[in-house]
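Asks: coords_17.cif is reproduced below (mmCIF, C-alpha atoms).
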data_input
#
loop_
_atom_site.group_PDB
_atom_site.id
_atom_site.type_symbol
_atom_site.label_atom_id
_atom_site.label_comp_id
_atom_site.auth_asym_id
_atom_site.auth_seq_id
_atom_site.Cartn_x
_atom_site.Cartn_y
_atom_site.Cartn_z
ATOM 1 C CA MET A 1 279.396 37.632 237.338
ATOM 2 C CA ASN A 2 282.152 35.777 235.498
ATOM 3 C CA GLY A 3 280.458 32.487 234.768
ATOM 4 C CA PRO A 4 277.312 30.524 235.270
ATOM 5 C CA SER A 5 276.410 30.092 238.887
ATOM 6 C CA ALA A 6 276.129 26.628 240.339
ATOM 7 C CA HIS A 7 272.471 27.310 241.052
ATOM 8 C CA SER A 8 271.275 28.551 237.699
ATOM 9 C CA GLY A 9 273.381 26.537 235.273
ATOM 10 C CA PRO A 10 274.405 27.876 231.868
ATOM 11 C CA HIS A 11 272.539 30.723 230.257
ATOM 12 C CA TRP A 12 271.437 30.335 226.652
ATOM 13 C CA ARG A 13 272.521 33.874 225.724
ATOM 14 C CA ARG A 14 276.099 33.239 226.855
ATOM 15 C CA VAL A 15 276.173 29.928 224.974
ATOM 16 C CA MET A 16 274.807 31.516 221.791
ATOM 17 C CA ALA A 17 277.171 34.494 222.088
ATOM 18 C CA ALA A 18 280.109 32.112 222.469
ATOM 19 C CA LEU A 19 279.054 30.081 219.442
ATOM 20 C CA ALA A 20 278.539 33.270 217.426
ATOM 21 C CA ASN A 21 282.191 34.205 217.999
ATOM 22 C CA ARG A 22 284.285 32.712 215.192
ATOM 23 C CA ASP A 23 287.411 32.086 217.276
ATOM 24 C CA ALA A 24 285.407 30.598 220.162
ATOM 25 C CA ARG A 25 283.381 28.415 217.784
ATOM 26 C CA THR A 26 286.575 27.124 216.129
ATOM 27 C CA ALA A 27 288.174 26.481 219.514
ATOM 28 C CA TYR A 28 285.051 24.655 220.704
ATOM 29 C CA ALA A 29 285.075 22.443 217.607
ATOM 30 C CA GLN A 30 288.746 21.645 218.162
ATOM 31 C CA ILE A 31 288.115 20.787 221.825
ATOM 32 C CA VAL A 32 285.159 18.553 220.948
ATOM 33 C CA LEU A 33 287.336 16.761 218.369
ATOM 34 C CA GLY A 34 290.210 16.416 220.863
ATOM 35 C CA GLU A 35 292.591 18.607 218.866
ATOM 36 C CA ASP A 36 294.942 21.312 220.116
ATOM 37 C CA VAL A 37 293.150 24.633 220.225
ATOM 38 C CA HIS A 38 294.414 27.191 217.724
ATOM 39 C CA ALA A 39 297.851 25.671 217.618
ATOM 40 C CA ASP A 40 298.797 28.200 214.953
ATOM 41 C CA ALA A 41 296.851 31.183 216.369
ATOM 42 C CA LYS A 42 298.234 33.971 218.481
ATOM 43 C CA GLU A 43 298.164 33.178 222.195
ATOM 44 C CA GLN A 44 295.976 36.222 222.959
ATOM 45 C CA ARG A 45 293.226 35.102 220.541
ATOM 46 C CA ARG A 46 293.426 31.551 221.884
ATOM 47 C CA ALA A 47 293.146 32.729 225.486
ATOM 48 C CA ARG A 48 290.191 35.003 224.650
ATOM 49 C CA ALA A 49 288.365 32.188 222.845
ATOM 50 C CA ILE A 50 288.916 29.795 225.751
ATOM 51 C CA ALA A 51 287.725 32.438 228.254
ATOM 52 C CA ILE A 52 284.511 32.929 226.260
ATOM 53 C CA LEU A 53 283.882 29.171 226.224
ATOM 54 C CA LEU A 54 284.570 28.859 229.954
ATOM 55 C CA VAL A 55 282.175 31.695 230.844
ATOM 56 C CA ALA A 56 279.483 30.143 228.656
ATOM 57 C CA GLY A 57 279.979 26.778 230.359
ATOM 58 C CA LEU A 58 280.740 25.030 227.078
ATOM 59 C CA VAL A 59 284.147 23.769 228.200
ATOM 60 C CA GLU A 60 285.879 22.928 231.455
ATOM 61 C CA PRO A 61 289.547 22.521 232.353
ATOM 62 C CA SER A 62 290.868 18.953 232.146
ATOM 63 C CA GLY A 63 294.402 19.606 233.438
ATOM 64 C CA ASP A 64 297.745 20.408 231.826
ATOM 65 C CA ASN A 65 296.332 23.581 230.220
ATOM 66 C CA ARG A 66 293.851 21.461 228.245
ATOM 67 C CA TYR A 67 290.061 21.615 228.074
ATOM 68 C CA GLN A 68 287.171 19.279 227.430
ATOM 69 C CA ALA A 69 283.632 19.889 226.270
ATOM 70 C CA ALA A 70 281.171 20.154 229.148
ATOM 71 C CA GLU A 71 279.008 17.041 229.054
ATOM 72 C CA THR A 72 275.741 18.478 230.354
ATOM 73 C CA VAL A 73 275.565 22.072 229.098
ATOM 74 C CA PHE A 74 272.998 21.455 226.361
ATOM 75 C CA ARG A 75 270.885 19.139 228.500
ATOM 76 C CA GLU A 76 270.838 21.811 231.250
ATOM 77 C CA LEU A 77 269.830 24.507 228.776
ATOM 78 C CA LEU A 78 266.995 22.379 227.440
ATOM 79 C CA SER A 79 265.734 21.651 230.951
ATOM 80 C CA GLN A 80 265.469 25.322 231.871
ATOM 81 C CA GLN A 81 261.926 26.614 231.680
ATOM 82 C CA PRO A 82 261.503 30.184 230.474
ATOM 83 C CA LYS A 83 259.697 32.545 232.779
ATOM 84 C CA ARG A 84 256.440 33.267 231.037
ATOM 85 C CA GLN A 85 254.845 36.605 231.505
ATOM 86 C CA PRO A 86 251.109 36.789 230.975
ATOM 87 C CA LYS A 87 250.451 38.299 227.574
ATOM 88 C CA THR A 88 248.320 41.399 227.331
ATOM 89 C CA GLY A 89 246.863 43.466 224.508
ATOM 90 C CA VAL A 90 247.534 42.312 220.965
ATOM 91 C CA ASP A 91 250.417 40.147 222.161
ATOM 92 C CA ARG A 92 247.802 37.582 223.233
ATOM 93 C CA PHE A 93 247.176 36.857 219.561
ATOM 94 C CA LEU A 94 250.757 36.955 218.280
ATOM 95 C CA ARG A 95 253.635 34.534 218.328
ATOM 96 C CA LEU A 96 257.039 35.924 217.413
ATOM 97 C CA GLY A 97 255.337 39.019 215.992
ATOM 98 C CA ARG A 98 253.052 37.044 213.671
ATOM 99 C CA ILE A 99 249.351 36.265 213.998
ATOM 100 C CA ASP A 100 248.939 33.055 215.963
ATOM 101 C CA ARG A 101 245.149 33.221 215.984
ATOM 102 C CA TYR A 102 242.448 35.752 215.267
ATOM 103 C CA PRO A 103 240.466 36.946 218.296
ATOM 104 C CA ALA A 104 236.870 35.744 218.590
ATOM 105 C CA SER A 105 235.558 39.064 219.877
ATOM 106 C CA ALA A 106 235.102 41.855 217.340
ATOM 107 C CA ALA A 107 236.645 44.426 219.713
ATOM 108 C CA ASP A 108 239.809 42.350 220.177
ATOM 109 C CA ARG A 109 239.968 41.604 216.451
ATOM 110 C CA ARG A 110 239.680 45.330 215.661
ATOM 111 C CA GLU A 111 242.464 46.080 218.163
ATOM 112 C CA LEU A 112 244.755 43.486 216.553
ATOM 113 C CA LEU A 113 243.984 44.676 213.021
ATOM 114 C CA ALA A 114 244.421 48.352 213.977
ATOM 115 C CA TRP A 115 247.824 47.545 215.457
ATOM 116 C CA ILE A 116 248.909 45.665 212.315
ATOM 117 C CA VAL A 117 247.786 48.384 209.920
ATOM 118 C CA SER A 118 249.467 51.068 212.076
ATOM 119 C CA GLU A 119 252.726 49.106 211.932
ATOM 120 C CA ALA A 120 252.588 48.242 208.226
ATOM 121 C CA ILE A 121 251.016 51.190 206.405
ATOM 122 C CA GLN A 122 251.283 54.948 206.846
ATOM 123 C CA PRO A 123 248.073 57.055 206.750
ATOM 124 C CA GLY A 124 247.307 58.295 203.241
ATOM 125 C CA GLU A 125 249.937 56.050 201.640
ATOM 126 C CA ASP A 126 248.732 54.584 198.301
ATOM 127 C CA LEU A 127 249.861 51.021 197.696
ATOM 128 C CA THR A 128 249.235 48.397 195.052
ATOM 129 C CA GLU A 129 247.745 45.081 196.125
ATOM 130 C CA ARG A 130 251.166 43.503 195.720
ATOM 131 C CA GLN A 131 252.791 46.106 198.004
ATOM 132 C CA VAL A 132 250.084 45.581 200.631
ATOM 133 C CA ASN A 133 250.569 41.812 200.427
ATOM 134 C CA GLU A 134 254.345 42.143 200.847
ATOM 135 C CA ARG A 135 253.894 44.222 203.997
ATOM 136 C CA LEU A 136 251.224 41.938 205.463
ATOM 137 C CA LEU A 137 253.396 38.871 204.863
ATOM 138 C CA SER A 138 255.357 39.902 207.970
ATOM 139 C CA TYR A 139 252.262 39.115 210.035
ATOM 140 C CA THR A 140 250.733 36.036 208.361
ATOM 141 C CA GLU A 141 251.027 33.643 205.450
ATOM 142 C CA ASP A 142 247.339 34.221 204.616
ATOM 143 C CA VAL A 143 247.657 37.830 203.426
ATOM 144 C CA VAL A 144 244.393 37.627 201.478
ATOM 145 C CA LEU A 145 242.383 36.963 204.649
ATOM 146 C CA LEU A 146 244.222 39.652 206.599
ATOM 147 C CA ARG A 147 243.778 42.204 203.802
ATOM 148 C CA ARG A 148 240.037 41.353 203.626
ATOM 149 C CA TYR A 149 239.696 41.835 207.409
ATOM 150 C CA LEU A 150 241.448 45.209 207.189
ATOM 151 C CA VAL A 151 239.076 46.340 204.441
ATOM 152 C CA ASP A 152 235.990 44.939 206.217
ATOM 153 C CA PHE A 153 236.897 46.765 209.439
ATOM 154 C CA GLY A 154 237.463 50.026 207.539
ATOM 155 C CA LEU A 155 241.152 50.116 208.447
ATOM 156 C CA LEU A 156 242.240 49.846 204.826
ATOM 157 C CA GLU A 157 240.380 51.322 201.860
ATOM 158 C CA ARG A 158 240.401 49.886 198.356
ATOM 159 C CA THR A 159 239.743 51.978 195.275
ATOM 160 C CA ALA A 160 236.637 51.030 193.275
ATOM 161 C CA SER A 161 238.860 49.579 190.552
ATOM 162 C CA GLY A 162 240.749 47.521 193.156
ATOM 163 C CA SER A 163 244.035 48.840 191.793
ATOM 164 C CA SER A 164 245.252 50.470 195.000
ATOM 165 C CA TYR A 165 244.787 50.526 198.749
ATOM 166 C CA CYS A 166 245.297 53.209 201.351
ATOM 167 C CA ARG A 167 244.973 53.629 205.081
ATOM 168 C CA PRO A 168 242.340 56.231 205.930
ATOM 169 C CA GLU A 169 243.688 59.383 207.581
#
Produce structure tokens that represent the structure in this file.
Replies:
Amino acid sequence: MNGPSAHSGPHWRRVMAALANRDARTAYAQIVLGEDVHADAKEQRRARAIAILLVAGLVEPSGDNRYQAAETVFRELLSQQPKRQPKTGVDRFLRLGRIDRYPASAADRRELLAWIVSEAIQPGEDLTERQVNERLLSYTEDVVLLRRYLVDFGLLERTASGSSYCRPE
């Protein structure tokens, strides 16, 4: 498939890939501003940048080897609805890999917490409170609450002095 189909419209990945390419991004800016594209660049780089923009649907030919910015590409991208798959397991409680909400049921909460501790801390690893907090920050802004839940559920043990934490073996 060389370009967006008439039925599906542009695809966000192609648009983002085009804009991530320095030559294509520069060419797109020049086209939007009505300037000549890469007037001083090598013809091969210019042609490659234009091809990337055409495939992404960001530009369209306007005649005489010139191009114009596609008028509707961003509106079409915004109107596309993502296909949502039903979430299962701990994913039901996460958004972009971070805790969106804590489960109401103790069994689901334990499952979520067990997954987090298995991802963040190795069994038997001794960590300071600060190290634990740094690792838990990947999952929530409220690391104190998460750390407390992990301790309460027996998934993280704290020394009597409170100076270090470890995941039980």
Asks: Find the residues around range 113-121 of chain A up to 8 Å (all atoms listed in the file counted), leave out those fewer than 3 positions away in its own chain, and share them as a ChimeraX atom specification.
Replies: /A:90,109-110,125,135-136,139,149-150,155-156,166-167
Asks: Would you please work out which residue, of A:Asp23, A:Glu157, A:Glu76, A:Glu43, is nearest to Thr128 in chain A when using only C-alpha atoms?
Replies: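 Of A:Asp23, A:Glu157, A:Glu76, A:Glu43, the one nearest Thr128 in chain A is A:Glu157, counting only C-alpha atoms.
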Asks: Selected by the PyMOL selection byres ((chain A and resi 164) around 10) in the shown coordinates: which residues, as a list of chain:residue names?
Replies: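 For this structure, the PyMOL selection byres ((chain A and resi 164) around 10) resolves to A:Glu125, A:Asp126, A:Leu127, A:Thr128, A:Glu129, A:Arg130, A:Gln131, A:Val132, A:Glu157, A:Arg158, A:Thr159, A:Ala160, A:Ser161, A:Gly162, A:Ser163, A:Tyr165, A:Cys166.
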Asks: Can you work out which one of A:Gln44, A:Thr26, A:Asn21, A:Thr140 has the shortest atom-to-atom distance to Gly97 in chain A, counting all atoms listed in the file?
Replies: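 Closest to Gly97 in chain A of all the choices is A:Thr140.
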Asks: Quick one: distance from CA of Ser138 in chain A to CA of Gln81 in chain A in Å, one decimal?
Replies: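 Straight-line distance from CA of Ser138 in chain A to CA of Gln81 in chain A works out to 28.0 Å.
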Asks: Identify all residues satisfying the PyMOL selection byres ((chain A and resi 57) around 9) in the given file; provide them as a ChimeraX atom specification.
Replies: /A:3-4,9-11,14-15,52-56,58-60,69-70,73
Asks: If you keep C-alpha atoms, can you output range 9-134 of chain A as a compact mmCIF listing (two decimals), in the first residue's frame?
Replies:
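That gives us out.txt:
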# COMPACT_ATOMS: atom_id res chain seq x y z
CA GLY A 9 -8.20 8.39 5.09
CA PRO A 10 -4.77 9.22 6.51
CA HIS A 11 -3.20 7.08 9.19
CA TRP A 12 -1.78 8.81 12.25
CA ARG A 13 1.36 6.64 12.26
CA ARG A 14 2.27 7.68 8.71
CA VAL A 15 1.64 11.34 9.55
CA MET A 16 3.76 11.15 12.72
CA ALA A 17 6.53 9.24 10.92
CA ALA A 18 6.58 11.90 8.20
CA LEU A 19 6.76 14.71 10.74
CA ALA A 20 9.50 12.89 12.64
CA ASN A 21 11.67 12.92 9.51
CA ARG A 22 13.74 16.12 9.49
CA ASP A 23 13.81 16.56 5.70
CA ALA A 24 10.09 15.81 5.37
CA ARG A 25 9.24 18.16 8.25
CA THR A 26 11.31 20.96 6.67
CA ALA A 27 9.72 20.34 3.28
CA TYR A 28 6.25 20.36 4.83
CA ALA A 29 6.96 23.68 6.56
CA GLN A 30 8.19 25.16 3.28
CA ILE A 31 5.08 23.93 1.44
CA VAL A 32 2.76 25.32 4.11
CA LEU A 33 4.56 28.68 3.86
CA GLY A 34 4.40 28.62 0.05
CA GLU A 35 8.17 28.47 -0.40
CA ASP A 36 10.19 26.32 -2.80
CA VAL A 37 10.98 23.00 -1.20
CA HIS A 38 14.66 22.45 -0.44
CA ALA A 39 15.77 24.77 -3.18
CA ASP A 40 19.36 24.24 -2.07
CA ALA A 41 19.07 20.52 -1.18
CA LYS A 42 20.06 17.61 -3.35
CA GLU A 43 17.27 16.47 -5.66
CA GLN A 44 17.29 12.94 -4.18
CA ARG A 45 16.66 14.21 -0.62
CA ARG A 46 13.95 16.56 -1.89
CA ALA A 47 12.21 13.78 -3.81
CA ARG A 48 12.37 11.43 -0.80
CA ALA A 49 10.93 14.09 1.52
CA ILE A 50 8.09 14.83 -0.90
CA ALA A 51 7.35 11.10 -1.31
CA ILE A 52 7.09 10.70 2.48
CA LEU A 53 4.68 13.64 2.69
CA LEU A 54 2.56 12.32 -0.18
CA VAL A 55 2.27 8.84 1.37
CA ALA A 56 1.29 10.38 4.71
CA GLY A 57 -1.37 12.49 3.00
CA LEU A 58 0.12 15.73 4.29
CA VAL A 59 0.59 17.24 0.83
CA GLU A 60 -0.96 16.89 -2.60
CA PRO A 61 0.28 17.87 -6.06
CA SER A 62 -0.86 21.31 -7.24
CA GLY A 63 0.65 21.20 -10.75
CA ASP A 64 3.93 22.29 -12.31
CA ASN A 65 5.92 20.02 -9.96
CA ARG A 66 4.61 21.99 -6.96
CA TYR A 67 2.72 20.82 -3.88
CA GLN A 68 0.23 22.21 -1.41
CA ALA A 69 -0.65 21.22 2.12
CA ALA A 70 -3.65 18.90 2.28
CA GLU A 71 -6.51 20.88 3.79
CA THR A 72 -8.32 18.11 5.65
CA VAL A 73 -5.63 15.68 6.85
CA PHE A 74 -5.68 16.75 10.50
CA ARG A 75 -9.47 17.02 10.64
CA GLU A 76 -9.72 13.48 9.19
CA LEU A 77 -7.23 12.13 11.73
CA LEU A 78 -9.14 13.70 14.60
CA SER A 79 -12.43 12.25 13.35
CA GLN A 80 -11.10 8.69 13.29
CA GLN A 81 -12.21 6.67 16.28
CA PRO A 82 -9.71 4.17 17.64
CA LYS A 83 -10.82 0.59 17.81
CA ARG A 84 -11.12 -0.14 21.49
CA GLN A 85 -10.43 -3.59 22.72
CA PRO A 86 -12.06 -4.59 25.98
CA LYS A 87 -9.46 -4.40 28.72
CA THR A 88 -8.75 -7.48 30.78
CA GLY A 89 -6.65 -8.27 33.83
CA VAL A 90 -4.71 -5.42 35.41
CA ASP A 91 -5.08 -3.35 32.24
CA ARG A 92 -8.61 -2.51 33.42
CA PHE A 93 -7.07 -0.34 36.12
CA LEU A 94 -4.25 1.25 34.12
CA ARG A 95 -4.05 4.08 31.65
CA LEU A 96 -0.83 4.37 29.67
CA GLY A 97 0.84 1.99 32.12
CA ARG A 98 -0.07 4.06 35.18
CA ILE A 99 -2.74 3.46 37.81
CA ASP A 100 -5.98 5.05 36.66
CA ARG A 101 -7.98 3.78 39.63
CA TYR A 102 -7.61 1.24 42.38
CA PRO A 103 -9.92 -1.78 42.15
CA ALA A 104 -12.75 -1.99 44.69
CA SER A 105 -12.43 -5.74 45.18
CA ALA A 106 -9.54 -6.97 47.33
CA ALA A 107 -8.74 -9.77 44.86
CA ASP A 108 -8.45 -7.35 41.93
CA ARG A 109 -6.46 -4.90 44.06
CA ARG A 110 -4.05 -7.69 45.07
CA GLU A 111 -3.66 -8.68 41.40
CA LEU A 112 -2.84 -5.09 40.40
CA LEU A 113 -0.40 -4.61 43.28
CA ALA A 114 1.29 -7.98 42.64
CA TRP A 115 1.79 -7.02 39.00
CA ILE A 116 3.30 -3.64 39.95
CA VAL A 117 5.68 -5.07 42.53
CA SER A 118 6.76 -7.83 40.09
CA GLU A 119 7.55 -5.18 37.48
CA ALA A 120 9.30 -2.73 39.81
CA ILE A 121 11.21 -4.76 42.40
CA GLN A 122 13.18 -8.00 42.22
CA PRO A 123 12.64 -10.64 44.95
CA GLY A 124 15.10 -10.21 47.82
CA GLU A 125 16.29 -6.81 46.58
CA ASP A 126 16.89 -4.36 49.47
CA LEU A 127 15.91 -0.79 48.68
CA THR A 128 15.75 2.46 50.59
CA GLU A 129 12.42 4.25 50.83
CA ARG A 130 13.67 6.76 48.28
CA GLN A 131 14.59 3.99 45.80
CA VAL A 132 11.17 2.37 46.25
CA ASN A 133 9.47 5.73 45.70
CA GLU A 134 11.47 6.36 42.51
